[in-house]
Amino acid sequence: MKQLVIVLGVALTLGVQAVALAQARPDFSGTWKFNQAKSSPNIAGNSPDLPFPSQIVVKQTPTELSVAGSSVRQQSSSAVFKLDGSKVTVQAPQGISETGEAKFEGTTVVITSRRSFPSPAGDIVADFKEIWSLSGNVLTIVKTRTQEGESTSEKAVFDKM
């Protein structure tokens, strides 16, 4: 009986590992264009609740995710994230410092970042979490900003060009 339990335990462990390996990481590489019709209504226009770029260019390797975002009324941003979750510096506008990290969680990429800048009232700090998912040629990003204990989340949908 004891041997049967051990054999079943080993078989279960091997089966779980096989499923984990079979669940391939999606490739987010490509040029992605913002689709306003499929996205949250409060992220476009002159004063979005949470801004998103109108175009994202992504290059992915097994160990890195390079992201460059651009928009007509926003300064471009870019970062090369290590997919092991290590902290990296994100290109940000002058006077703003930003760091971030990225990692796969199942078939999604989770990018967290912290942005800070000085103000007359003291340093302002905002934390961001983006969850990226793919469905065919559609990239969905759910972004949450937390600042001074309050959180706001919005969804942006991008079509592959």
# chains A, B, ... in the order shown; residues from 1 in each chain; ligands from 1
>>> select_by_dssp(residues="segment 58-123 of chain A", states="strand (DSSP E)", output="short mmCIF file (atom, residue, chain, number, x, y, z; two decimals) with C-alpha atoms, in the first residue's frame")
data_model
loop_
_atom_site.label_atom_id
_atom_site.label_comp_id
_atom_site.auth_asym_id
_atom_site.auth_seq_id
_atom_site.Cartn_x
_atom_site.Cartn_y
_atom_site.Cartn_z
CA VAL A 58 6.97 44.80 -28.36
CA LYS A 59 9.99 42.57 -28.90
CA GLN A 60 10.15 39.40 -26.84
CA GLU A 64 13.34 39.84 -22.02
CA LEU A 65 10.35 41.93 -23.02
CA SER A 66 11.18 45.19 -24.80
CA VAL A 67 8.26 47.65 -24.79
CA ALA A 68 8.09 51.02 -26.58
CA GLY A 69 4.90 53.05 -26.37
CA SER A 70 4.01 56.18 -28.31
CA SER A 71 1.06 58.52 -28.56
CA GLN A 74 2.19 61.83 -24.58
CA GLN A 75 5.93 61.53 -24.34
CA SER A 76 7.16 58.18 -25.61
CA SER A 77 8.15 55.57 -23.06
CA SER A 78 10.28 52.47 -23.31
CA ALA A 79 11.75 49.74 -21.16
CA VAL A 80 13.47 46.41 -21.50
CA PHE A 81 12.08 44.16 -18.79
CA LYS A 82 13.81 41.00 -17.62
CA VAL A 88 14.83 47.73 -14.28
CA THR A 89 14.78 51.46 -14.98
CA SER A 97 11.91 58.36 -11.93
CA GLU A 98 10.36 55.00 -12.69
CA THR A 99 11.37 51.42 -12.07
CA GLY A 100 9.55 48.25 -13.03
CA GLU A 101 9.65 44.51 -13.23
CA ALA A 102 7.90 41.90 -15.37
CA LYS A 103 7.23 38.18 -15.13
CA PHE A 104 4.98 35.55 -16.61
CA GLU A 105 2.11 34.29 -14.50
CA THR A 108 -0.17 36.45 -18.86
CA VAL A 109 2.63 38.93 -18.33
CA VAL A 110 2.40 41.03 -15.18
CA ILE A 111 4.33 44.31 -15.19
CA THR A 112 4.58 46.28 -11.97
CA SER A 113 6.18 49.69 -11.72
CA ARG A 114 6.67 52.60 -9.36
CA ARG A 115 6.79 56.20 -10.56
CA SER A 116 7.88 59.09 -8.37
CA PHE A 117 8.46 62.79 -8.83
#
>>> select_by_dssp(residues="segment 19-100 of chain A", states="helix (DSSP H, G or I)", output="PyMOL selection string")
chain A and resi 19-22+36-38+41-43
>>> atom_distance(atom1="atom CA of Glu130 of chain A", atom2="atom CA of Pro51 of chain A")
12.3 Å
>>> atom_distance(atom1="atom CA of Gly95 of chain A", atom2="atom CA of Trp32 of chain A")
28.1 Å
>>> residues_around(residues="Ile141 of chain A", least_positions_apart="6", cutoff="10 Å", atoms="only C-alpha atoms", output="ChimeraX atom specification")
/A:39,52,108-110,129-134,154-158
>>> atom_distance(atom1="atom CA of Val90 of chain A", atom2="atom CA of Asn42 of chain A")
24.7 Å
>>> decode(residues="segment 23-36 of chain A", atoms="all heavy atoms", output="compact mmCIF listing (two decimals), in the first residue's frame")
# COMPACT_ATOMS: atom_id res chain seq x y z
N GLN A 23 2.16 24.23 -21.29
CA GLN A 23 1.52 25.55 -21.32
C GLN A 23 2.58 26.56 -21.77
O GLN A 23 3.25 27.19 -20.96
CB GLN A 23 0.97 25.88 -19.94
CG GLN A 23 0.11 27.12 -19.92
CD GLN A 23 -0.42 27.39 -18.52
OE1 GLN A 23 0.26 27.15 -17.53
NE2 GLN A 23 -1.62 27.91 -18.45
N ALA A 24 2.72 26.71 -23.07
CA ALA A 24 3.76 27.57 -23.63
C ALA A 24 3.47 29.05 -23.35
O ALA A 24 2.32 29.46 -23.30
CB ALA A 24 3.86 27.33 -25.13
N ARG A 25 4.54 29.79 -23.22
CA ARG A 25 4.40 31.24 -23.04
C ARG A 25 4.00 31.86 -24.37
O ARG A 25 4.61 31.59 -25.40
CB ARG A 25 5.73 31.83 -22.60
CG ARG A 25 6.14 31.46 -21.22
CD ARG A 25 7.47 32.10 -20.90
NE ARG A 25 7.77 31.98 -19.49
CZ ARG A 25 8.86 32.46 -18.94
NH1 ARG A 25 9.77 33.06 -19.66
NH2 ARG A 25 9.05 32.32 -17.65
N PRO A 26 3.00 32.73 -24.35
CA PRO A 26 2.64 33.41 -25.59
C PRO A 26 3.71 34.42 -25.98
O PRO A 26 4.46 34.90 -25.13
CB PRO A 26 1.32 34.10 -25.25
CG PRO A 26 1.32 34.24 -23.77
CD PRO A 26 2.14 33.09 -23.25
N ASP A 27 3.78 34.73 -27.27
CA ASP A 27 4.74 35.71 -27.78
C ASP A 27 4.01 37.02 -28.03
O ASP A 27 3.15 37.11 -28.92
CB ASP A 27 5.38 35.19 -29.06
CG ASP A 27 6.52 36.07 -29.55
OD1 ASP A 27 6.76 37.14 -28.95
OD2 ASP A 27 7.15 35.71 -30.55
N PHE A 28 4.34 38.04 -27.25
CA PHE A 28 3.69 39.34 -27.35
C PHE A 28 4.33 40.23 -28.42
O PHE A 28 3.93 41.37 -28.60
CB PHE A 28 3.73 40.05 -26.00
CG PHE A 28 2.84 39.42 -24.96
CD1 PHE A 28 3.29 38.38 -24.16
CD2 PHE A 28 1.54 39.87 -24.79
CE1 PHE A 28 2.46 37.79 -23.22
CE2 PHE A 28 0.70 39.29 -23.84
CZ PHE A 28 1.16 38.25 -23.06
N SER A 29 5.34 39.73 -29.13
CA SER A 29 6.06 40.53 -30.13
C SER A 29 5.11 41.07 -31.20
O SER A 29 4.17 40.39 -31.62
CB SER A 29 7.13 39.69 -30.82
OG SER A 29 8.10 39.27 -29.89
N GLY A 30 5.39 42.30 -31.61
CA GLY A 30 4.62 42.89 -32.71
C GLY A 30 4.36 44.36 -32.47
O GLY A 30 4.76 44.94 -31.46
N THR A 31 3.69 44.97 -33.43
CA THR A 31 3.25 46.36 -33.32
C THR A 31 1.75 46.33 -33.07
O THR A 31 0.99 45.70 -33.81
CB THR A 31 3.58 47.13 -34.60
OG1 THR A 31 5.00 47.10 -34.80
CG2 THR A 31 3.13 48.58 -34.50
N TRP A 32 1.35 47.00 -32.00
CA TRP A 32 -0.03 46.95 -31.53
C TRP A 32 -0.65 48.35 -31.58
O TRP A 32 -0.07 49.30 -31.07
CB TRP A 32 -0.07 46.41 -30.10
CG TRP A 32 0.54 45.05 -29.98
CD1 TRP A 32 1.85 44.76 -29.71
CD2 TRP A 32 -0.11 43.81 -30.15
NE1 TRP A 32 2.04 43.40 -29.69
CE2 TRP A 32 0.84 42.78 -29.97
CE3 TRP A 32 -1.43 43.44 -30.44
CZ2 TRP A 32 0.53 41.43 -30.06
CZ3 TRP A 32 -1.74 42.10 -30.53
CH2 TRP A 32 -0.77 41.12 -30.33
N LYS A 33 -1.85 48.45 -32.15
CA LYS A 33 -2.55 49.74 -32.27
C LYS A 33 -3.77 49.74 -31.35
O LYS A 33 -4.56 48.79 -31.33
CB LYS A 33 -2.98 49.96 -33.72
CG LYS A 33 -3.63 51.30 -33.93
CD LYS A 33 -4.00 51.52 -35.39
CE LYS A 33 -4.67 52.88 -35.54
NZ LYS A 33 -5.12 53.11 -36.90
N PHE A 34 -3.92 50.83 -30.60
CA PHE A 34 -5.01 51.00 -29.65
C PHE A 34 -6.37 50.92 -30.36
O PHE A 34 -6.57 51.54 -31.40
CB PHE A 34 -4.86 52.36 -28.95
CG PHE A 34 -5.98 52.72 -28.02
CD1 PHE A 34 -6.20 51.99 -26.86
CD2 PHE A 34 -6.79 53.80 -28.28
CE1 PHE A 34 -7.22 52.34 -26.00
CE2 PHE A 34 -7.81 54.16 -27.42
CZ PHE A 34 -8.03 53.42 -26.28
N ASN A 35 -7.29 50.14 -29.80
CA ASN A 35 -8.65 50.01 -30.32
C ASN A 35 -9.60 50.64 -29.31
O ASN A 35 -9.98 50.01 -28.32
CB ASN A 35 -8.99 48.55 -30.57
CG ASN A 35 -10.34 48.36 -31.21
OD1 ASN A 35 -11.28 49.11 -30.96
ND2 ASN A 35 -10.45 47.33 -32.04
N GLN A 36 -9.99 51.89 -29.56
CA GLN A 36 -10.81 52.64 -28.61
C GLN A 36 -12.19 52.00 -28.42
O GLN A 36 -12.72 52.00 -27.32
CB GLN A 36 -10.96 54.08 -29.08
CG GLN A 36 -11.71 54.95 -28.09
CD GLN A 36 -11.72 56.42 -28.50
OE1 GLN A 36 -11.07 56.81 -29.46
NE2 GLN A 36 -12.44 57.21 -27.76
